[in-house]
$ cat coords.txt   # compact mmCIF, C-alpha atoms
# COMPACT_ATOMS: atom_id res chain seq x y z
CA MET A 1 0.00 0.00 0.00
CA THR A 2 2.14 2.85 -1.25
CA THR A 3 -0.81 5.15 -1.97
CA LYS A 4 -3.81 6.15 0.13
CA PRO A 5 -6.16 3.20 0.66
CA LYS A 6 -9.44 3.72 -1.23
CA ILE A 7 -12.41 2.62 0.81
CA ALA A 8 -16.05 2.39 -0.24
CA VAL A 9 -18.68 3.37 2.35
CA VAL A 10 -22.16 1.97 1.67
CA LEU A 11 -25.02 4.10 3.03
CA SER A 12 -28.65 2.99 3.32
CA GLY A 13 -30.49 6.32 3.49
CA CYS A 14 -30.27 9.13 6.05
CA GLY A 15 -31.62 8.58 9.56
CA VAL A 16 -31.39 5.79 12.14
CA ASN A 17 -34.99 4.55 11.86
CA ASP A 18 -35.31 4.13 8.08
CA GLY A 19 -31.81 4.73 6.70
CA ALA A 20 -28.14 4.96 7.63
CA GLU A 21 -27.43 5.90 11.25
CA ILE A 22 -26.12 9.43 10.75
CA HIS A 23 -23.54 9.53 13.59
CA GLU A 24 -22.07 6.16 12.55
CA ALA A 25 -21.88 7.23 8.90
CA VAL A 26 -20.27 10.63 9.61
CA LEU A 27 -17.86 9.23 12.19
CA THR A 28 -16.80 6.47 9.78
CA LEU A 29 -16.02 9.18 7.19
CA LEU A 30 -14.13 11.15 9.86
CA ALA A 31 -12.11 8.06 10.88
CA LEU A 32 -11.20 7.39 7.23
CA ASP A 33 -9.94 10.98 6.91
CA ARG A 34 -7.98 10.71 10.18
CA HIS A 35 -6.32 7.51 8.91
CA ALA A 36 -5.43 9.09 5.55
CA ALA A 37 -7.79 6.88 3.57
CA GLU A 38 -9.85 8.09 0.62
CA ALA A 39 -13.57 7.51 1.08
CA GLN A 40 -16.16 7.07 -1.69
CA CYS A 41 -19.81 6.83 -0.62
CA PHE A 42 -22.26 4.50 -2.38
CA ALA A 43 -25.93 3.63 -1.96
CA PRO A 44 -28.38 1.55 -3.97
CA ASP A 45 -30.76 3.49 -6.23
CA ILE A 46 -33.95 1.92 -4.79
CA PRO A 47 -36.96 3.12 -2.79
CA GLN A 48 -36.67 2.99 0.99
CA ARG A 49 -38.73 0.24 2.66
CA ASP A 50 -40.48 2.96 4.69
CA VAL A 51 -40.19 6.56 5.85
CA ILE A 52 -40.23 7.04 9.63
CA ASN A 53 -40.96 10.37 11.34
CA HIS A 54 -37.91 10.53 13.65
CA LEU A 55 -39.69 12.88 16.06
CA THR A 56 -42.69 10.60 16.73
CA GLY A 57 -41.34 7.21 15.60
CA THR A 58 -44.39 6.63 13.40
CA GLU A 59 -44.48 5.79 9.69
CA GLN A 60 -45.11 8.62 7.21
CA ALA A 61 -47.18 8.02 4.05
CA GLU A 62 -44.34 9.00 1.77
CA THR A 63 -41.73 7.50 -0.58
CA ARG A 64 -38.03 8.36 -0.49
CA ASN A 65 -35.09 6.99 -2.48
CA VAL A 66 -32.12 5.43 -0.64
CA LEU A 67 -29.44 6.97 -2.91
CA VAL A 68 -31.06 10.44 -2.92
CA GLU A 69 -31.40 10.53 0.89
CA ALA A 70 -27.92 9.07 1.47
CA ALA A 71 -26.58 11.92 -0.68
CA ARG A 72 -27.47 14.23 2.26
CA ILE A 73 -24.79 12.55 4.40
CA ALA A 74 -22.32 12.44 1.49
CA ARG A 75 -22.90 16.12 0.55
CA GLY A 76 -23.78 14.96 -2.98
CA ARG A 77 -20.52 13.02 -3.50
CA ILE A 78 -22.04 9.56 -3.82
CA ARG A 79 -22.38 6.86 -6.49
CA ASP A 80 -25.04 4.30 -7.32
CA LEU A 81 -23.91 1.00 -5.76
CA ALA A 82 -24.76 -0.72 -9.07
CA SER A 83 -21.62 0.98 -10.48
CA PHE A 84 -19.37 -0.44 -7.72
CA ARG A 85 -16.31 -2.37 -9.01
CA ALA A 86 -14.14 -4.22 -6.49
CA ILE A 87 -11.00 -3.46 -8.50
CA GLU A 88 -11.31 0.26 -7.67
CA PHE A 89 -11.28 -0.23 -3.88
CA ASP A 90 -9.09 -1.67 -1.13
CA ALA A 91 -11.96 -2.27 1.31
CA ILE A 92 -15.69 -1.70 1.83
CA ILE A 93 -17.45 -0.52 5.01
CA PHE A 94 -21.13 -0.64 5.98
CA PRO A 95 -22.27 1.80 8.71
CA GLY A 96 -25.44 0.76 10.58
CA GLY A 97 -28.92 2.09 11.16
CA PHE A 98 -32.25 0.40 10.43
CA GLY A 99 -31.69 1.19 6.74
CA ALA A 100 -29.02 -1.54 6.67
CA ALA A 101 -31.65 -4.05 7.83
CA LYS A 102 -34.57 -2.58 5.86
CA ASN A 103 -33.07 -1.31 2.58
CA LEU A 104 -29.76 -3.17 2.10
CA CYS A 105 -31.38 -6.42 3.18
CA SER A 106 -34.70 -7.49 4.74
CA PHE A 107 -33.31 -8.61 8.13
CA ALA A 108 -35.55 -6.18 10.09
CA VAL A 109 -38.61 -7.94 8.63
CA ASP A 110 -37.49 -11.48 7.77
CA GLY A 111 -34.75 -12.18 10.35
CA ALA A 112 -32.53 -15.15 9.41
CA ASP A 113 -34.64 -15.73 6.26
CA CYS A 114 -33.76 -12.29 4.92
CA SER A 115 -32.83 -11.51 1.33
CA VAL A 116 -30.09 -9.06 0.33
CA GLU A 117 -30.40 -6.20 -2.18
CA PRO A 118 -28.63 -7.54 -5.34
CA SER A 119 -26.11 -4.67 -5.68
CA VAL A 120 -25.17 -5.09 -2.00
CA GLU A 121 -24.72 -8.85 -2.35
CA ALA A 122 -22.64 -8.40 -5.53
CA ALA A 123 -20.35 -5.84 -3.85
CA ILE A 124 -19.75 -8.05 -0.80
CA LEU A 125 -19.11 -11.18 -2.89
CA ALA A 126 -16.75 -9.34 -5.24
CA MET A 127 -14.67 -7.91 -2.38
CA HIS A 128 -14.62 -11.23 -0.54
CA LYS A 129 -13.55 -13.11 -3.67
CA ALA A 130 -10.73 -10.59 -4.16
CA GLY A 131 -9.56 -11.14 -0.56
CA LYS A 132 -10.32 -7.51 0.32
CA PRO A 133 -11.51 -6.49 3.80
CA ILE A 134 -15.12 -5.79 4.72
CA GLY A 135 -16.09 -3.67 7.76
CA ALA A 136 -19.57 -3.53 9.29
CA LEU A 137 -20.99 -1.45 12.15
CA CYS A 138 -24.06 -1.88 14.36
CA ILE A 139 -26.69 -4.11 12.66
CA SER A 140 -24.83 -4.31 9.29
CA PRO A 141 -23.05 -7.56 10.25
CA ALA A 142 -26.44 -9.22 9.59
CA ILE A 143 -25.92 -8.52 5.87
CA ILE A 144 -22.42 -10.03 5.97
CA ALA A 145 -23.75 -13.12 7.79
CA ARG A 146 -26.47 -13.59 5.16
CA VAL A 147 -24.03 -13.24 2.23
CA LEU A 148 -20.90 -14.96 3.58
CA GLY A 149 -22.31 -17.37 6.19
CA ALA A 150 -19.44 -18.78 8.26
CA VAL A 151 -17.85 -15.55 9.53
CA GLU A 152 -17.00 -14.53 13.09
CA LEU A 153 -18.63 -11.22 13.95
CA THR A 154 -20.41 -9.12 16.57
CA ILE A 155 -23.59 -7.09 16.93
CA GLY A 156 -22.85 -6.38 20.62
CA ASN A 157 -24.79 -8.50 23.08
CA ASP A 158 -28.43 -8.78 21.94
CA ALA A 159 -29.28 -12.49 22.30
CA GLY A 160 -32.11 -12.59 19.74
CA THR A 161 -30.09 -10.85 17.02
CA ALA A 162 -27.00 -12.93 17.82
CA SER A 163 -28.94 -16.18 17.47
CA ALA A 164 -30.41 -15.03 14.12
CA LEU A 165 -26.84 -14.39 12.90
CA GLU A 166 -25.81 -17.89 14.03
CA GLU A 167 -28.85 -19.34 12.24
CA MET A 168 -27.38 -17.81 9.06
CA GLY A 169 -24.12 -19.67 9.71
CA ALA A 170 -22.09 -16.95 11.42
CA LYS A 171 -20.29 -17.28 14.75
CA HIS A 172 -21.29 -14.45 17.10
CA ARG A 173 -18.91 -13.05 19.69
CA ALA A 174 -20.25 -10.63 22.30
CA ALA A 175 -18.43 -7.27 22.35
CA GLY A 176 -18.62 -4.07 24.39
CA PRO A 177 -18.78 -0.45 23.19
CA THR A 178 -15.86 0.51 20.87
CA GLU A 179 -14.64 -3.13 20.66
CA VAL A 180 -13.95 -4.68 17.25
CA VAL A 181 -14.26 -8.39 16.39
CA ILE A 182 -11.88 -9.38 13.58
CA ASP A 183 -12.14 -12.54 11.48
CA HIS A 184 -8.65 -12.59 9.93
CA ALA A 185 -9.40 -15.51 7.59
CA ALA A 186 -12.54 -13.93 6.13
CA ARG A 187 -11.06 -10.40 6.46
CA VAL A 188 -14.18 -9.09 8.17
CA ALA A 189 -14.16 -6.54 11.03
CA THR A 190 -17.31 -5.62 13.00
CA THR A 191 -18.20 -3.35 15.95
CA PRO A 192 -21.49 -2.83 17.84
CA CYS A 193 -21.87 1.01 17.88
CA TYR A 194 -25.53 1.91 18.61
CA MET A 195 -26.54 -1.78 18.97
CA LEU A 196 -25.37 -0.96 22.51
CA ASP A 197 -26.53 2.04 24.53
CA SER A 198 -23.55 4.25 23.63
CA THR A 199 -22.50 7.89 23.75
CA ILE A 200 -21.56 9.67 20.55
CA GLY A 201 -17.95 9.67 21.81
CA GLN A 202 -18.06 5.87 22.00
CA ILE A 203 -19.46 5.75 18.45
CA ALA A 204 -16.51 7.87 17.28
CA ASP A 205 -14.07 5.55 19.06
CA GLY A 206 -15.81 2.42 17.73
CA ALA A 207 -15.78 3.74 14.16
CA ASP A 208 -12.13 4.72 14.54
CA ASN A 209 -11.19 1.26 15.87
CA LEU A 210 -13.15 -0.38 13.03
CA VAL A 211 -11.40 1.73 10.38
CA LYS A 212 -7.99 0.98 11.95
CA ALA A 213 -8.81 -2.76 11.87
CA VAL A 214 -9.91 -2.57 8.23
CA ILE A 215 -6.70 -0.76 7.23
CA ASP A 216 -4.64 -3.37 9.11
CA LEU A 217 -6.52 -6.09 7.20
CA ILE A 218 -5.64 -4.33 3.91
CA ARG A 219 -1.95 -4.50 4.97
CA GLU A 220 -2.29 -8.20 5.85
CA SER A 221 -3.84 -8.88 2.42
CA ALA A 222 -0.99 -7.00 0.72
CA LYS A 223 1.59 -9.12 2.60
CA ALA A 224 -0.26 -12.35 1.79
CA ALA A 225 -0.46 -11.45 -1.90
CA MET B 226 -19.49 25.74 36.73
CA THR B 227 -19.46 22.83 39.15
CA THR B 228 -21.72 20.63 37.02
CA LYS B 229 -21.62 19.70 33.34
CA PRO B 230 -22.34 22.71 31.14
CA LYS B 231 -25.71 22.34 29.40
CA ILE B 232 -25.58 23.50 25.82
CA ALA B 233 -28.44 23.89 23.34
CA VAL B 234 -27.71 22.95 19.70
CA VAL B 235 -30.12 24.48 17.18
CA LEU B 236 -30.60 22.44 14.00
CA SER B 237 -32.28 23.65 10.81
CA GLY B 238 -33.26 20.37 9.13
CA CYS B 239 -31.09 17.51 7.87
CA GLY B 240 -28.85 18.04 4.83
CA VAL B 241 -26.47 20.76 3.68
CA ASN B 242 -28.60 22.14 0.83
CA ASP B 243 -31.93 22.65 2.63
CA GLY B 244 -31.21 21.94 6.31
CA ALA B 245 -28.45 21.57 8.88
CA GLU B 246 -25.07 20.55 7.49
CA ILE B 247 -24.89 16.98 8.80
CA HIS B 248 -21.12 16.77 9.42
CA GLU B 249 -21.07 20.10 11.28
CA ALA B 250 -24.06 19.08 13.40
CA VAL B 251 -22.72 15.61 14.30
CA LEU B 252 -19.19 16.89 14.95
CA THR B 253 -20.56 19.65 17.21
CA LEU B 254 -22.41 16.97 19.22
CA LEU B 255 -19.21 14.89 19.31
CA ALA B 256 -17.14 17.87 20.51
CA LEU B 257 -19.69 18.58 23.27
CA ASP B 258 -19.42 14.96 24.44
CA ARG B 259 -15.58 15.11 24.31
CA HIS B 260 -15.63 18.27 26.46
CA ALA B 261 -18.04 16.71 29.00
CA ALA B 262 -20.91 19.04 28.12
CA GLU B 263 -24.54 17.97 27.97
CA ALA B 264 -26.17 18.66 24.61
CA GLN B 265 -29.86 19.25 23.94
CA CYS B 266 -30.94 19.59 20.32
CA PHE B 267 -33.66 22.03 19.25
CA ALA B 268 -35.27 23.02 15.95
CA PRO B 269 -38.21 25.21 15.02
CA ASP B 270 -41.47 23.39 14.22
CA ILE B 271 -41.94 25.04 10.81
CA PRO B 272 -41.94 23.92 7.16
CA GLN B 273 -38.59 23.96 5.35
CA ARG B 274 -38.21 26.73 2.77
CA ASP B 275 -37.55 24.05 0.14
CA VAL B 276 -36.54 20.41 -0.31
CA ILE B 277 -33.41 19.85 -2.39
CA ASN B 278 -32.47 16.53 -3.99
CA HIS B 279 -28.89 16.22 -2.70
CA LEU B 280 -27.90 13.90 -5.55
CA THR B 281 -28.89 16.26 -8.38
CA GLY B 282 -29.00 19.62 -6.58
CA THR B 283 -32.49 20.35 -7.92
CA GLU B 284 -35.62 21.26 -5.97
CA GLN B 285 -38.14 18.48 -5.21
CA ALA B 286 -41.90 19.20 -5.22
CA GLU B 287 -42.30 18.18 -1.61
CA THR B 288 -42.81 19.63 1.87
CA ARG B 289 -40.75 18.67 4.91
CA ASN B 290 -40.79 19.97 8.49
CA VAL B 291 -37.57 21.40 10.00
CA LEU B 292 -38.09 19.82 13.45
CA VAL B 293 -39.09 16.40 12.05
CA GLU B 294 -36.07 16.25 9.70
CA ALA B 295 -33.65 17.59 12.32
CA ALA B 296 -34.83 14.71 14.57
CA ARG B 297 -32.90 12.40 12.19
CA ILE B 298 -29.60 13.94 13.31
CA ALA B 299 -30.71 14.02 16.96
CA ARG B 300 -31.94 10.39 16.91
CA GLY B 301 -35.34 11.63 18.12
CA ARG B 302 -33.96 13.49 21.15
CA ILE B 303 -34.93 17.00 20.13
CA ARG B 304 -37.27 19.76 21.34
CA ASP B 305 -39.31 22.42 19.60
CA LEU B 306 -37.28 25.66 19.76
CA ALA B 307 -40.46 27.46 20.87
CA SER B 308 -39.99 25.67 24.25
CA PHE B 309 -36.40 26.98 24.67
CA ARG B 310 -35.76 28.80 27.96
CA ALA B 311 -32.40 30.54 28.47
CA ILE B 312 -32.42 29.72 32.18
CA GLU B 313 -32.03 25.99 31.39
CA PHE B 314 -28.81 26.41 29.36
CA ASP B 315 -25.25 27.73 29.73
CA ALA B 316 -24.75 28.37 26.01
CA ILE B 317 -26.36 27.92 22.60
CA ILE B 318 -24.68 26.75 19.37
CA PHE B 319 -25.85 26.98 15.75
CA PRO B 320 -24.26 24.52 13.26
CA GLY B 321 -24.38 25.63 9.62
CA GLY B 322 -25.83 24.39 6.36
CA PHE B 323 -28.18 26.22 4.00
CA GLY B 324 -31.00 25.48 6.47
CA ALA B 325 -29.50 28.11 8.78
CA ALA B 326 -29.86 30.68 5.97
CA LYS B 327 -33.16 29.36 4.58
CA ASN B 328 -35.15 28.11 7.59
CA LEU B 329 -33.70 29.85 10.67
CA CYS B 330 -33.55 33.14 8.77
CA SER B 331 -34.00 34.29 5.17
CA PHE B 332 -30.38 35.31 4.50
CA ALA B 333 -30.03 32.91 1.52
CA VAL B 334 -32.86 34.80 -0.21
CA ASP B 335 -32.85 38.32 1.25
CA GLY B 336 -29.17 38.87 2.17
CA ALA B 337 -28.64 41.78 4.58
CA ASP B 338 -32.41 42.49 4.53
CA CYS B 339 -33.19 39.05 5.95
CA SER B 340 -35.74 38.32 8.66
CA VAL B 341 -35.16 35.79 11.45
CA GLU B 342 -37.54 32.99 12.52
CA PRO B 343 -39.19 34.33 15.71
CA SER B 344 -38.21 31.37 17.97
CA VAL B 345 -34.59 31.70 16.77
CA GLU B 346 -34.51 35.44 17.42
CA ALA B 347 -36.08 34.98 20.88
CA ALA B 348 -33.52 32.32 21.85
CA ILE B 349 -30.54 34.45 20.73
CA LEU B 350 -31.85 37.60 22.47
CA ALA B 351 -32.60 35.72 25.70
CA MET B 352 -29.13 34.17 25.85
CA HIS B 353 -27.43 37.46 24.96
CA LYS B 354 -29.42 39.36 27.61
CA ALA B 355 -28.40 36.72 30.18
CA GLY B 356 -24.70 37.18 29.23
CA LYS B 357 -24.51 33.57 28.03
CA PRO B 358 -22.26 32.52 25.11
CA ILE B 359 -23.47 31.94 21.57
CA GLY B 360 -21.54 29.80 19.07
CA ALA B 361 -22.14 29.75 15.32
CA LEU B 362 -20.57 27.66 12.53
CA CYS B 363 -20.36 28.15 8.76
CA ILE B 364 -23.14 30.51 7.53
CA SER B 365 -24.95 30.69 10.92
CA PRO B 366 -23.06 33.86 11.97
CA ALA B 367 -25.41 35.65 9.50
CA ILE B 368 -28.27 35.01 11.95
CA ILE B 369 -26.23 36.39 14.86
CA ALA B 370 -25.31 39.49 12.82
CA ARG B 371 -28.97 40.12 11.96
CA VAL B 372 -30.13 39.75 15.59
CA LEU B 373 -27.24 41.33 17.53
CA GLY B 374 -25.74 43.73 14.99
CA ALA B 375 -22.39 44.99 16.28
CA VAL B 376 -20.57 41.70 16.87
CA GLU B 377 -17.15 40.58 15.63
CA LEU B 378 -17.45 37.30 13.72
CA THR B 379 -16.27 35.22 10.77
CA ILE B 380 -17.76 33.30 7.88
CA GLY B 381 -14.30 32.48 6.47
CA ASN B 382 -13.20 34.63 3.56
CA ASP B 383 -16.13 35.05 1.12
CA ALA B 384 -16.15 38.77 0.28
CA GLY B 385 -19.83 39.01 -0.69
CA THR B 386 -21.08 37.25 2.43
CA ALA B 387 -18.68 39.21 4.64
CA SER B 388 -19.91 42.54 3.27
CA ALA B 389 -23.55 41.49 3.82
CA LEU B 390 -22.67 40.77 7.47
CA GLU B 391 -21.03 44.21 7.77
CA GLU B 392 -24.13 45.79 6.22
CA MET B 393 -26.07 44.28 9.16
CA GLY B 394 -23.69 46.02 11.59
CA ALA B 395 -21.24 43.19 12.31
CA LYS B 396 -17.46 43.40 12.03
CA HIS B 397 -16.13 40.56 9.85
CA ARG B 398 -12.72 39.03 10.43
CA ALA B 399 -11.34 36.58 7.84
CA ALA B 400 -10.41 33.17 9.28
CA GLY B 401 -8.92 29.96 7.96
CA PRO B 402 -10.13 26.37 8.41
CA THR B 403 -10.53 25.35 12.09
CA GLU B 404 -9.93 28.96 13.29
CA VAL B 405 -12.35 30.56 15.75
CA VAL B 406 -13.12 34.27 16.03
CA ILE B 407 -14.15 35.24 19.55
CA ASP B 408 -15.94 38.44 20.56
CA HIS B 409 -15.36 38.41 24.31
CA ALA B 410 -17.63 41.37 25.00
CA ALA B 411 -20.60 39.94 23.12
CA ARG B 412 -19.66 36.36 24.13
CA VAL B 413 -19.95 35.14 20.56
CA ALA B 414 -17.64 32.53 18.97
CA THR B 415 -17.72 31.69 15.24
CA THR B 416 -15.80 29.39 12.85
CA PRO B 417 -16.02 28.95 9.05
CA CYS B 418 -16.32 25.13 8.65
CA TYR B 419 -17.72 24.34 5.17
CA MET B 420 -17.83 28.05 4.19
CA LEU B 421 -14.26 27.13 3.24
CA ASP B 422 -13.30 24.12 1.11
CA SER B 423 -12.50 21.84 4.08
CA THR B 424 -11.95 18.16 4.81
CA ILE B 425 -14.21 16.41 7.32
CA GLY B 426 -11.20 16.26 9.66
CA GLN B 427 -10.96 20.07 9.53
CA ILE B 428 -14.68 20.30 10.28
CA ALA B 429 -14.15 18.09 13.35
CA ASP B 430 -11.25 20.30 14.49
CA GLY B 431 -13.20 23.51 13.80
CA ALA B 432 -16.24 22.25 15.74
CA ASP B 433 -13.96 21.16 18.58
CA ASN B 434 -12.22 24.55 18.70
CA LEU B 435 -15.60 26.30 18.65
CA VAL B 436 -16.96 24.19 21.51
CA LYS B 437 -13.78 24.79 23.52
CA ALA B 438 -14.14 28.56 22.95
CA VAL B 439 -17.81 28.48 24.00
CA ILE B 440 -16.97 26.58 27.20
CA ASP B 441 -14.19 29.07 27.97
CA LEU B 442 -16.71 31.90 27.48
CA ILE B 443 -19.05 30.17 29.96
CA ARG B 444 -16.18 30.18 32.49
CA GLU B 445 -15.49 33.88 31.79
CA SER B 446 -19.19 34.66 32.37
CA ALA B 447 -19.13 32.73 35.64
CA LYS B 448 -16.09 34.72 36.85
CA ALA B 449 -17.64 38.03 35.79
CA ALA B 450 -20.89 37.21 37.62

$ encode --input "coords.txt" --output "structure tokens"
Amino acid sequence: MTTKPKIAVVLSGCGVNDGAEIHEAVLTLLALDRHAAEAQCFAPDIPQRDVINHLTGTEQAETRNVLVEAARIARGRIRDLASFRAIEFDAIIFPGGFGAAKNLCSFAVDGADCSVEPSVEAAILAMHKAGKPIGALCISPAIIARVLGAVELTIGNDAGTASALEEMGAKHRAAGPTEVVIDHAARVATTPCYMLDSTIGQIADGADNLVKAVIDLIRESAKAA
Amino acid sequence: MTTKPKIAVVLSGCGVNDGAEIHEAVLTLLALDRHAAEAQCFAPDIPQRDVINHLTGTEQAETRNVLVEAARIARGRIRDLASFRAIEFDAIIFPGGFGAAKNLCSFAVDGADCSVEPSVEAAILAMHKAGKPIGALCISPAIIARVLGAVELTIGNDAGTASALEEMGAKHRAAGPTEVVIDHAARVATTPCYMLDSTIGQIADGADNLVKAVIDLIRESAKAA
């Protein structure tokens, strides 16, 4: 790795209840900047599963597009995930939020029987096949479990969610705030973030630790190659 | 100040082009946590001036509410600015984004002749009267200039914006990324953030410097009292 690592960040909308968790997304982008990596945001160009009023928690009779809303977090600098090519990137990271479990896959509705948005599945499989690292925060490890199966990962300590991940073939390891679980063989790093009752400072530290782990995994891949 | 300082953060929606700039808002909340301050988010319960598609930059034929959208950044923990009482808080901070100049006041449309949303004006006047510090990022100093007039502040180095602030009675001082301009007499601290072409790391540093300055101003107020 002689140049800046290029890392794709996959967003799932804009807002914890129906899209990407905003703090996790922003603090992942901050951590990438702090570690001298180049970030490129992506999101699928699909309708959101629902639109939730974040003040009341109730559903709004409205349609929003995942890519268009995610562009709010990315300040317009975002690409359709359908255009993602593994060869352009050294790693891929999925921040959390309900959007990861509602828009990127159907885990929030279907649990262990969930399906994965095709562009998301293709991106994960392409990176995995190329031996490139995958990072996932909060509930996003559910997507990785569904696509890759036998991977060691964490969503914190929620027993129901953990057992759904194991039903999909993953091995769950409990983790505390800011901790990262690393599967060196699969090159997957995960951290609980807001799956635990955390402060925004802990989210920043968790995202930073996750990004550090992903960059270390890029170095390991480079050595192995 | 024997207890944690309590600081109000006023959001103007959710997204740089029609609401609060998301990075500035999140990184202000992070800085408050890092400096052991307690944050409470507020936004006015009013319709946004417009809704901008952040992917294309064009206006969408849609209506959104400033408080409801700002709740996305605040993860639901937000209050109507009409309920703001100066006695509950040690300071107030305004992150930037076009929402500050479109929803909190009409600066984006009316320039130096802008009007200010009544709940925003009331909050600024109440804090100023109580000798409590006011912080403003990015374009938000325009609101402070309109309400308080003769205050020293910065919006970076944009000549047109700076002269509009001076037309409203303020004294503009040019500042670089992460720099803070402090008016000790008026207890106002300002920093340019995305009014300059900045990295997200510079936004984090600017927000952190601004929060530090605001907390120092709280201490100065306490000594003077």

$ residues_near_point --input "coords.txt" --point "(-14.0, 24.2, 11.8)" --cutoff "6 Å" --atoms "all atoms listed in the file" --output "ChimeraX atom specification"
/B:402-403,416-418,427-428,430-432

$ write_last_selection --input "coords.txt" --atoms "C-alpha atoms" --output "PDB file, in the coordinates of the input"
ATOM      1  CA  PRO B 402     -10.130  26.370   8.410  1.00  0.00           C
ATOM      2  CA  THR B 403     -10.530  25.350  12.090  1.00  0.00           C
ATOM      3  CA  THR B 416     -15.800  29.390  12.850  1.00  0.00           C
ATOM      4  CA  PRO B 417     -16.020  28.950   9.050  1.00  0.00           C
ATOM      5  CA  CYS B 418     -16.320  25.130   8.650  1.00  0.00           C
ATOM      6  CA  GLN B 427     -10.960  20.070   9.530  1.00  0.00           C
ATOM      7  CA  ILE B 428     -14.680  20.300  10.280  1.00  0.00           C
ATOM      8  CA  ASP B 430     -11.250  20.300  14.490  1.00  0.00           C
ATOM      9  CA  GLY B 431     -13.200  23.510  13.800  1.00  0.00           C
ATOM     10  CA  ALA B 432     -16.240  22.250  15.740  1.00  0.00           C
TER      11      ALA B 432
END

$ atom_distance --input "coords.txt" --atom1 "CA of Thr3 in chain A" --atom2 "CA of Ala136 in chain A"
23.5 Å

$ residues_around --input "coords.txt" --residues "Ala295 in chain B" --least-positions-apart "2" --cutoff "10 Å" --atoms "only C-alpha atoms" --output "PyMOL selection string"
(chain A and resi 15+54-55) or (chain B and resi 235-240+244-245+247+250+266-270+290-293+297-304)

$ write_last_selection --input "coords.txt" --atoms "C-alpha atoms" --output "short mmCIF file (atom, residue, chain, number, x, y, z; two decimals), in the frame of the given file"
data_model
loop_
_atom_site.label_atom_id
_atom_site.label_comp_id
_atom_site.auth_asym_id
_atom_site.auth_seq_id
_atom_site.Cartn_x
_atom_site.Cartn_y
_atom_site.Cartn_z
CA GLY A 15 -31.62 8.58 9.56
CA HIS A 54 -37.91 10.53 13.65
CA LEU A 55 -39.69 12.88 16.06
CA VAL B 235 -30.12 24.48 17.18
CA LEU B 236 -30.60 22.44 14.00
CA SER B 237 -32.28 23.65 10.81
CA GLY B 238 -33.26 20.37 9.13
CA CYS B 239 -31.09 17.51 7.87
CA GLY B 240 -28.85 18.04 4.83
CA GLY B 244 -31.21 21.94 6.31
CA ALA B 245 -28.45 21.57 8.88
CA ILE B 247 -24.89 16.98 8.80
CA ALA B 250 -24.06 19.08 13.40
CA CYS B 266 -30.94 19.59 20.32
CA PHE B 267 -33.66 22.03 19.25
CA ALA B 268 -35.27 23.02 15.95
CA PRO B 269 -38.21 25.21 15.02
CA ASP B 270 -41.47 23.39 14.22
CA ASN B 290 -40.79 19.97 8.49
CA VAL B 291 -37.57 21.40 10.00
CA LEU B 292 -38.09 19.82 13.45
CA VAL B 293 -39.09 16.40 12.05
CA ARG B 297 -32.90 12.40 12.19
CA ILE B 298 -29.60 13.94 13.31
CA ALA B 299 -30.71 14.02 16.96
CA ARG B 300 -31.94 10.39 16.91
CA GLY B 301 -35.34 11.63 18.12
CA ARG B 302 -33.96 13.49 21.15
CA ILE B 303 -34.93 17.00 20.13
CA ARG B 304 -37.27 19.76 21.34
#

$ residues_around --input "coords.txt" --residues "range 98-102 of chain A" --least-positions-apart "4" --cutoff "8 Å" --atoms "only C-alpha atoms" --output "PyMOL selection string"
chain A and resi 11-13+15-21+48-49+94+106-109+139-140+142-143

$ residues_around --input "coords.txt" --residues "Val180 in chain A" --least-positions-apart "4" --cutoff "10 Å" --atoms "all atoms listed in the file" --output "PDB file with C-alpha atoms, in the frame of the given file"
ATOM      1  CA  GLY A 135     -16.090  -3.670   7.760  1.00  0.00           C
ATOM      2  CA  ALA A 136     -19.570  -3.530   9.290  1.00  0.00           C
ATOM      3  CA  LEU A 137     -20.990  -1.450  12.150  1.00  0.00           C
ATOM      4  CA  LEU A 153     -18.630 -11.220  13.950  1.00  0.00           C
ATOM      5  CA  THR A 154     -20.410  -9.120  16.570  1.00  0.00           C
ATOM      6  CA  ILE A 155     -23.590  -7.090  16.930  1.00  0.00           C
ATOM      7  CA  GLY A 156     -22.850  -6.380  20.620  1.00  0.00           C
ATOM      8  CA  ALA A 175     -18.430  -7.270  22.350  1.00  0.00           C
ATOM      9  CA  GLY A 176     -18.620  -4.070  24.390  1.00  0.00           C
ATOM     10  CA  ALA A 189     -14.160  -6.540  11.030  1.00  0.00           C
ATOM     11  CA  THR A 190     -17.310  -5.620  13.000  1.00  0.00           C
ATOM     12  CA  THR A 191     -18.200  -3.350  15.950  1.00  0.00           C
ATOM     13  CA  PRO A 192     -21.490  -2.830  17.840  1.00  0.00           C
ATOM     14  CA  CYS A 193     -21.870   1.010  17.880  1.00  0.00           C
ATOM     15  CA  GLY A 206     -15.810   2.420  17.730  1.00  0.00           C
ATOM     16  CA  ALA A 207     -15.780   3.740  14.160  1.00  0.00           C
ATOM     17  CA  ASP A 208     -12.130   4.720  14.540  1.00  0.00           C
ATOM     18  CA  ASN A 209     -11.190   1.260  15.870  1.00  0.00           C
ATOM     19  CA  LEU A 210     -13.150  -0.380  13.030  1.00  0.00           C
ATOM     20  CA  VAL A 211     -11.400   1.730  10.380  1.00  0.00           C
ATOM     21  CA  LYS A 212      -7.990   0.980  11.950  1.00  0.00           C
ATOM     22  CA  ALA A 213      -8.810  -2.760  11.870  1.00  0.00           C
TER      23      ALA A 213
END

$ residues_near_point --input "coords.txt" --point "(-30.0, 26.7, 32.1)" --cutoff "10 Å" --atoms "all atoms listed in the file" --output "list in words"
Pro230, Lys231, Ile232, Ala233, Phe309, Arg310, Ala311, Ile312, Glu313, Phe314, Asp315, Ala316, Met352 and Lys357 of chain B
